[in-house]
$ cat data32.pdb   # PDB, N, CA and C atoms, pLDDT in the B column
MODEL        1
ATOM      1  N   MET M   1     -46.541  61.801 -70.741  1.00 54.00           N
ATOM      2  CA  MET M   1     -46.843  61.341 -72.065  1.00 54.00           C
ATOM      3  C   MET M   1     -48.267  60.767 -72.076  1.00 54.00           C
ATOM      4  N   THR M   2     -49.026  61.157 -73.045  1.00 61.00           N
ATOM      5  CA  THR M   2     -50.402  60.681 -73.129  1.00 61.00           C
ATOM      6  C   THR M   2     -50.477  59.431 -73.983  1.00 61.00           C
ATOM      7  N   ASP M   3     -51.492  58.655 -73.722  1.00 63.00           N
ATOM      8  CA  ASP M   3     -51.712  57.417 -74.469  1.00 63.00           C
ATOM      9  C   ASP M   3     -52.899  57.643 -75.404  1.00 63.00           C
ATOM     10  N   PRO M   4     -52.646  57.849 -76.682  1.00 64.00           N
ATOM     11  CA  PRO M   4     -53.740  58.174 -77.599  1.00 64.00           C
ATOM     12  C   PRO M   4     -54.730  57.018 -77.791  1.00 64.00           C
ATOM     13  N   THR M   5     -54.313  55.797 -77.556  1.00 68.00           N
ATOM     14  CA  THR M   5     -55.195  54.658 -77.798  1.00 68.00           C
ATOM     15  C   THR M   5     -56.059  54.336 -76.591  1.00 68.00           C
ATOM     16  N   GLY M   6     -55.733  54.840 -75.430  1.00 75.00           N
ATOM     17  CA  GLY M   6     -56.512  54.571 -74.237  1.00 75.00           C
ATOM     18  C   GLY M   6     -56.225  53.212 -73.630  1.00 75.00           C
ATOM     19  N   GLU M   7     -55.205  52.527 -74.117  1.00 84.00           N
ATOM     20  CA  GLU M   7     -54.877  51.195 -73.589  1.00 84.00           C
ATOM     21  C   GLU M   7     -54.495  51.262 -72.114  1.00 84.00           C
ATOM     22  N   SER M   8     -53.796  52.311 -71.727  1.00 89.00           N
ATOM     23  CA  SER M   8     -53.371  52.446 -70.339  1.00 89.00           C
ATOM     24  C   SER M   8     -54.582  52.593 -69.421  1.00 89.00           C
ATOM     25  N   LYS M   9     -55.540  53.411 -69.838  1.00 89.00           N
ATOM     26  CA  LYS M   9     -56.746  53.593 -69.019  1.00 89.00           C
ATOM     27  C   LYS M   9     -57.529  52.295 -68.920  1.00 89.00           C
ATOM     28  N   GLU M  10     -57.645  51.573 -70.024  1.00 90.00           N
ATOM     29  CA  GLU M  10     -58.370  50.298 -70.014  1.00 90.00           C
ATOM     30  C   GLU M  10     -57.669  49.290 -69.110  1.00 90.00           C
ATOM     31  N   ARG M  11     -56.349  49.272 -69.173  1.00 92.00           N
ATOM     32  CA  ARG M  11     -55.583  48.359 -68.307  1.00 92.00           C
ATOM     33  C   ARG M  11     -55.782  48.717 -66.844  1.00 92.00           C
ATOM     34  N   ASN M  12     -55.773  50.005 -66.539  1.00 92.00           N
ATOM     35  CA  ASN M  12     -55.997  50.439 -65.160  1.00 92.00           C
ATOM     36  C   ASN M  12     -57.396  50.067 -64.681  1.00 92.00           C
ATOM     37  N   ARG M  13     -58.395  50.191 -65.557  1.00 92.00           N
ATOM     38  CA  ARG M  13     -59.758  49.788 -65.188  1.00 92.00           C
ATOM     39  C   ARG M  13     -59.820  48.291 -64.909  1.00 92.00           C
ATOM     40  N   GLU M  14     -59.144  47.514 -65.726  1.00 93.00           N
ATOM     41  CA  GLU M  14     -59.134  46.060 -65.534  1.00 93.00           C
ATOM     42  C   GLU M  14     -58.454  45.687 -64.215  1.00 93.00           C
ATOM     43  N   ILE M  15     -57.352  46.344 -63.906  1.00 94.00           N
ATOM     44  CA  ILE M  15     -56.648  46.097 -62.645  1.00 94.00           C
ATOM     45  C   ILE M  15     -57.557  46.469 -61.464  1.00 94.00           C
ATOM     46  N   ALA M  16     -58.237  47.605 -61.569  1.00 93.00           N
ATOM     47  CA  ALA M  16     -59.137  48.035 -60.499  1.00 93.00           C
ATOM     48  C   ALA M  16     -60.291  47.049 -60.325  1.00 93.00           C
ATOM     49  N   ALA M  17     -60.829  46.543 -61.425  1.00 93.00           N
ATOM     50  CA  ALA M  17     -61.924  45.575 -61.340  1.00 93.00           C
ATOM     51  C   ALA M  17     -61.443  44.281 -60.689  1.00 93.00           C
ATOM     52  N   ASN M  18     -60.253  43.841 -61.040  1.00 93.00           N
ATOM     53  CA  ASN M  18     -59.699  42.624 -60.434  1.00 93.00           C
ATOM     54  C   ASN M  18     -59.477  42.813 -58.940  1.00 93.00           C
ATOM     55  N   GLU M  19     -58.975  43.956 -58.555  1.00 95.00           N
ATOM     56  CA  GLU M  19     -58.735  44.230 -57.136  1.00 95.00           C
ATOM     57  C   GLU M  19     -60.058  44.295 -56.377  1.00 95.00           C
ATOM     58  N   SER M  20     -61.056  44.900 -56.992  1.00 93.00           N
ATOM     59  CA  SER M  20     -62.376  44.971 -56.359  1.00 93.00           C
ATOM     60  C   SER M  20     -62.954  43.573 -56.155  1.00 93.00           C
ATOM     61  N   ALA M  21     -62.833  42.726 -57.146  1.00 93.00           N
ATOM     62  CA  ALA M  21     -63.325  41.351 -57.033  1.00 93.00           C
ATOM     63  C   ALA M  21     -62.579  40.610 -55.929  1.00 93.00           C
ATOM     64  N   ARG M  22     -61.277  40.809 -55.840  1.00 94.00           N
ATOM     65  CA  ARG M  22     -60.473  40.154 -54.807  1.00 94.00           C
ATOM     66  C   ARG M  22     -60.909  40.612 -53.419  1.00 94.00           C
ATOM     67  N   GLN M  23     -61.194  41.894 -53.260  1.00 95.00           N
ATOM     68  CA  GLN M  23     -61.638  42.416 -51.975  1.00 95.00           C
ATOM     69  C   GLN M  23     -63.017  41.868 -51.613  1.00 95.00           C
ATOM     70  N   ASN M  24     -63.902  41.730 -52.604  1.00 93.00           N
ATOM     71  CA  ASN M  24     -65.229  41.175 -52.342  1.00 93.00           C
ATOM     72  C   ASN M  24     -65.125  39.733 -51.870  1.00 93.00           C
ATOM     73  N   VAL M  25     -64.292  38.943 -52.515  1.00 93.00           N
ATOM     74  CA  VAL M  25     -64.109  37.544 -52.119  1.00 93.00           C
ATOM     75  C   VAL M  25     -63.561  37.480 -50.693  1.00 93.00           C
ATOM     76  N   SER M  26     -62.625  38.346 -50.385  1.00 94.00           N
ATOM     77  CA  SER M  26     -62.045  38.373 -49.048  1.00 94.00           C
ATOM     78  C   SER M  26     -63.097  38.742 -48.002  1.00 94.00           C
ATOM     79  N   ALA M  27     -63.944  39.709 -48.314  1.00 95.00           N
ATOM     80  CA  ALA M  27     -64.991  40.121 -47.382  1.00 95.00           C
ATOM     81  C   ALA M  27     -66.002  39.003 -47.165  1.00 95.00           C
ATOM     82  N   ILE M  28     -66.360  38.302 -48.235  1.00 94.00           N
ATOM     83  CA  ILE M  28     -67.305  37.189 -48.116  1.00 94.00           C
ATOM     84  C   ILE M  28     -66.698  36.076 -47.275  1.00 94.00           C
ATOM     85  N   ARG M  29     -65.430  35.780 -47.491  1.00 94.00           N
ATOM     86  CA  ARG M  29     -64.753  34.735 -46.726  1.00 94.00           C
ATOM     87  C   ARG M  29     -64.726  35.104 -45.245  1.00 94.00           C
ATOM     88  N   LEU M  30     -64.424  36.354 -44.947  1.00 94.00           N
ATOM     89  CA  LEU M  30     -64.385  36.811 -43.557  1.00 94.00           C
ATOM     90  C   LEU M  30     -65.768  36.737 -42.922  1.00 94.00           C
ATOM     91  N   SER M  31     -66.794  37.135 -43.655  1.00 96.00           N
ATOM     92  CA  SER M  31     -68.161  37.069 -43.138  1.00 96.00           C
ATOM     93  C   SER M  31     -68.567  35.628 -42.864  1.00 96.00           C
ATOM     94  N   THR M  32     -68.194  34.732 -43.749  1.00 96.00           N
ATOM     95  CA  THR M  32     -68.521  33.319 -43.560  1.00 96.00           C
ATOM     96  C   THR M  32     -67.874  32.787 -42.297  1.00 96.00           C
ATOM     97  N   TRP M  33     -66.614  33.118 -42.081  1.00 96.00           N
ATOM     98  CA  TRP M  33     -65.928  32.673 -40.862  1.00 96.00           C
ATOM     99  C   TRP M  33     -66.596  33.261 -39.625  1.00 96.00           C
ATOM    100  N   ALA M  34     -66.974  34.538 -39.683  1.00 97.00           N
ATOM    101  CA  ALA M  34     -67.606  35.189 -38.533  1.00 97.00           C
ATOM    102  C   ALA M  34     -68.944  34.523 -38.202  1.00 97.00           C
ATOM    103  N   ILE M  35     -69.725  34.204 -39.231  1.00 97.00           N
ATOM    104  CA  ILE M  35     -71.003  33.527 -39.007  1.00 97.00           C
ATOM    105  C   ILE M  35     -70.772  32.140 -38.427  1.00 97.00           C
ATOM    106  N   ALA M  36     -69.803  31.413 -38.970  1.00 97.00           N
ATOM    107  CA  ALA M  36     -69.509  30.070 -38.472  1.00 97.00           C
ATOM    108  C   ALA M  36     -69.095  30.100 -37.003  1.00 97.00           C
ATOM    109  N   VAL M  37     -68.244  31.034 -36.628  1.00 98.00           N
ATOM    110  CA  VAL M  37     -67.801  31.150 -35.241  1.00 98.00           C
ATOM    111  C   VAL M  37     -68.985  31.500 -34.342  1.00 98.00           C
ATOM    112  N   ALA M  38     -69.847  32.410 -34.793  1.00 98.00           N
ATOM    113  CA  ALA M  38     -71.020  32.787 -33.988  1.00 98.00           C
ATOM    114  C   ALA M  38     -71.954  31.595 -33.793  1.00 98.00           C
ATOM    115  N   VAL M  39     -72.145  30.795 -34.838  1.00 98.00           N
ATOM    116  CA  VAL M  39     -73.010  29.612 -34.723  1.00 98.00           C
ATOM    117  C   VAL M  39     -72.406  28.603 -33.749  1.00 98.00           C
ATOM    118  N   ILE M  40     -71.115  28.378 -33.833  1.00 98.00           N
ATOM    119  CA  ILE M  40     -70.453  27.427 -32.928  1.00 98.00           C
ATOM    120  C   ILE M  40     -70.555  27.905 -31.482  1.00 98.00           C
ATOM    121  N   ILE M  41     -70.337  29.185 -31.259  1.00 98.00           N
ATOM    122  CA  ILE M  41     -70.458  29.731 -29.904  1.00 98.00           C
ATOM    123  C   ILE M  41     -71.903  29.603 -29.422  1.00 98.00           C
ATOM    124  N   GLY M  42     -72.858  29.894 -30.293  1.00 97.00           N
ATOM    125  CA  GLY M  42     -74.265  29.763 -29.928  1.00 97.00           C
ATOM    126  C   GLY M  42     -74.638  28.339 -29.558  1.00 97.00           C
ATOM    127  N   ILE M  43     -74.161  27.368 -30.322  1.00 98.00           N
ATOM    128  CA  ILE M  43     -74.430  25.960 -30.015  1.00 98.00           C
ATOM    129  C   ILE M  43     -73.784  25.578 -28.686  1.00 98.00           C
ATOM    130  N   ALA M  44     -72.576  26.052 -28.456  1.00 97.00           N
ATOM    131  CA  ALA M  44     -71.890  25.746 -27.195  1.00 97.00           C
ATOM    132  C   ALA M  44     -72.656  26.327 -26.007  1.00 97.00           C
ATOM    133  N   VAL M  45     -73.114  27.552 -26.119  1.00 97.00           N
ATOM    134  CA  VAL M  45     -73.870  28.184 -25.029  1.00 97.00           C
ATOM    135  C   VAL M  45     -75.182  27.447 -24.817  1.00 97.00           C
ATOM    136  N   PHE M  46     -75.881  27.121 -25.899  1.00 96.00           N
ATOM    137  CA  PHE M  46     -77.138  26.380 -25.789  1.00 96.00           C
ATOM    138  C   PHE M  46     -76.906  25.033 -25.103  1.00 96.00           C
ATOM    139  N   GLY M  47     -75.853  24.345 -25.488  1.00 96.00           N
ATOM    140  CA  GLY M  47     -75.529  23.066 -24.865  1.00 96.00           C
ATOM    141  C   GLY M  47     -75.203  23.216 -23.405  1.00 96.00           C
ATOM    142  N   TRP M  48     -74.452  24.220 -23.046  1.00 96.00           N
ATOM    143  CA  TRP M  48     -74.083  24.461 -21.649  1.00 96.00           C
ATOM    144  C   TRP M  48     -75.330  24.744 -20.812  1.00 96.00           C
ATOM    145  N   VAL M  49     -76.223  25.590 -21.334  1.00 95.00           N
ATOM    146  CA  VAL M  49     -77.461  25.915 -20.619  1.00 95.00           C
ATOM    147  C   VAL M  49     -78.321  24.664 -20.500  1.00 95.00           C
ATOM    148  N   PHE M  50     -78.438  23.887 -21.564  1.00 94.00           N
ATOM    149  CA  PHE M  50     -79.247  22.665 -21.553  1.00 94.00           C
ATOM    150  C   PHE M  50     -78.734  21.682 -20.505  1.00 94.00           C
ATOM    151  N   VAL M  51     -77.421  21.501 -20.414  1.00 93.00           N
ATOM    152  CA  VAL M  51     -76.832  20.553 -19.467  1.00 93.00           C
ATOM    153  C   VAL M  51     -76.997  21.032 -18.024  1.00 93.00           C
ATOM    154  N   HIS M  52     -76.882  22.316 -17.793  1.00 92.00           N
ATOM    155  CA  HIS M  52     -76.915  22.842 -16.434  1.00 92.00           C
ATOM    156  C   HIS M  52     -78.332  23.127 -15.905  1.00 92.00           C
ATOM    157  N   HIS M  53     -79.349  22.952 -16.705  1.00 83.00           N
ATOM    158  CA  HIS M  53     -80.711  23.136 -16.227  1.00 83.00           C
ATOM    159  C   HIS M  53     -81.387  21.826 -15.877  1.00 83.00           C
ATOM    160  N   ARG M  54     -80.673  20.757 -15.917  1.00 67.00           N
ATOM    161  CA  ARG M  54     -81.240  19.444 -15.585  1.00 67.00           C
ATOM    162  C   ARG M  54     -81.059  19.134 -14.127  1.00 67.00           C
TER     163      ARG M  54
ENDMDL
END

$ encode --input "data32.pdb" --output "structure tokens"
Amino acid sequence: MTDPTGESKERNREIAANESARQNVSAIRLSTWAIAVAVIIGIAVFGWVFVHHR
């Protein structure tokens, strides 16, 4: 059955846009965690090297 008003297509576009936004937020959150972990590891390594070169 076709939808002459196009409401179904518009609803599907809105759902797709919401899902895309949700995926973007998830990717940004994951990237932030990855950067934070890398910085913490870098600080730990720098500290270890600093302590052991004295």

$ atom_distance --input "data32.pdb" --atom1 "CA of Ser26 (chain M)" --atom2 "CA of Lys9 (chain M)"
25.7 Å

$ axis_aligned_box --input "data32.pdb" --around "region 27-46 of chain M" --padding-each-side "8 Å" --output "JSON"
{"center_x": -70.5, "center_y": 32.6, "center_z": -36.6, "size_x": 29.2, "size_y": 31.1, "size_z": 39.5}

$ atom_distance --input "data32.pdb" --atom1 "CA of Ile35 (chain M)" --atom2 "atom N of Glu19 (chain M)"
25.2 Å

$ atom_distance --input "data32.pdb" --atom1 "atom C of Ala34 (chain M)" --atom2 "atom N of Phe46 (chain M)"
15.9 Å

$ decode --input "data32.pdb" --residues "chain M" --atoms "C-alpha atoms" --output "PDB file, in the first residue's frame"
ATOM      1  CA  MET M   1       0.000   0.000   0.000  1.00  0.00           C
ATOM      2  CA  THR M   2       1.383   3.382  -0.940  1.00  0.00           C
ATOM      3  CA  ASP M   3       1.283   6.461   1.223  1.00  0.00           C
ATOM      4  CA  PRO M   4       0.033   9.348  -0.919  1.00  0.00           C
ATOM      5  CA  THR M   5       0.933  11.982   1.683  1.00  0.00           C
ATOM      6  CA  GLY M   6       4.549  10.904   2.108  1.00  0.00           C
ATOM      7  CA  GLU M   7       4.206  10.832   5.899  1.00  0.00           C
ATOM      8  CA  SER M   8       5.780   7.383   6.065  1.00  0.00           C
ATOM      9  CA  LYS M   9       8.843   8.501   4.112  1.00  0.00           C
ATOM     10  CA  GLU M  10       9.210  11.615   6.270  1.00  0.00           C
ATOM     11  CA  ARG M  11       8.926   9.516   9.424  1.00  0.00           C
ATOM     12  CA  ASN M  12      11.563   7.116   8.123  1.00  0.00           C
ATOM     13  CA  ARG M  13      13.885  10.043   7.343  1.00  0.00           C
ATOM     14  CA  GLU M  14      13.397  11.398  10.855  1.00  0.00           C
ATOM     15  CA  ILE M  15      14.140   7.988  12.389  1.00  0.00           C
ATOM     16  CA  ALA M  16      17.272   7.675  10.234  1.00  0.00           C
ATOM     17  CA  ALA M  17      18.437  11.158  11.252  1.00  0.00           C
ATOM     18  CA  ASN M  18      17.915  10.343  14.931  1.00  0.00           C
ATOM     19  CA  GLU M  19      19.844   7.096  14.592  1.00  0.00           C
ATOM     20  CA  SER M  20      22.662   8.883  12.784  1.00  0.00           C
ATOM     21  CA  ALA M  21      22.881  11.480  15.553  1.00  0.00           C
ATOM     22  CA  ARG M  22      22.932   8.722  18.182  1.00  0.00           C
ATOM     23  CA  GLN M  23      25.774   6.951  16.372  1.00  0.00           C
ATOM     24  CA  ASN M  24      27.752  10.205  16.107  1.00  0.00           C
ATOM     25  CA  VAL M  25      27.403  10.844  19.843  1.00  0.00           C
ATOM     26  CA  SER M  26      28.512   7.288  20.552  1.00  0.00           C
ATOM     27  CA  ALA M  27      31.556   7.651  18.291  1.00  0.00           C
ATOM     28  CA  ILE M  28      32.536  10.943  19.931  1.00  0.00           C
ATOM     29  CA  ARG M  29      32.171   9.410  23.392  1.00  0.00           C
ATOM     30  CA  LEU M  30      34.344   6.452  22.384  1.00  0.00           C
ATOM     31  CA  SER M  31      36.986   8.745  20.879  1.00  0.00           C
ATOM     32  CA  THR M  32      37.045  10.841  24.038  1.00  0.00           C
ATOM     33  CA  TRP M  33      37.602   7.759  26.184  1.00  0.00           C
ATOM     34  CA  ALA M  34      40.354   6.526  23.843  1.00  0.00           C
ATOM     35  CA  ILE M  35      42.146   9.885  24.003  1.00  0.00           C
ATOM     36  CA  ALA M  36      41.805  10.010  27.790  1.00  0.00           C
ATOM     37  CA  VAL M  37      43.247   6.504  28.180  1.00  0.00           C
ATOM     38  CA  ALA M  38      46.140   7.343  25.825  1.00  0.00           C
ATOM     39  CA  VAL M  39      46.931  10.512  27.801  1.00  0.00           C
ATOM     40  CA  ILE M  40      46.868   8.629  31.115  1.00  0.00           C
ATOM     41  CA  ILE M  41      49.147   5.918  29.732  1.00  0.00           C
ATOM     42  CA  GLY M  42      51.469   8.583  28.318  1.00  0.00           C
ATOM     43  CA  ILE M  43      51.675  10.374  31.673  1.00  0.00           C
ATOM     44  CA  ALA M  44      52.341   7.073  33.438  1.00  0.00           C
ATOM     45  CA  VAL M  45      55.153   6.178  31.020  1.00  0.00           C
ATOM     46  CA  PHE M  46      56.648   9.672  31.290  1.00  0.00           C
ATOM     47  CA  GLY M  47      56.535   9.433  35.078  1.00  0.00           C
ATOM     48  CA  TRP M  48      58.113   5.985  35.086  1.00  0.00           C
ATOM     49  CA  VAL M  49      60.936   7.139  32.787  1.00  0.00           C
ATOM     50  CA  PHE M  50      61.448  10.312  34.859  1.00  0.00           C
ATOM     51  CA  VAL M  51      61.700   8.331  38.123  1.00  0.00           C
ATOM     52  CA  HIS M  52      64.033   5.675  36.727  1.00  0.00           C
ATOM     53  CA  HIS M  53      66.519   8.089  35.134  1.00  0.00           C
ATOM     54  CA  ARG M  54      67.517   9.669  38.424  1.00  0.00           C
TER      55      ARG M  54
END
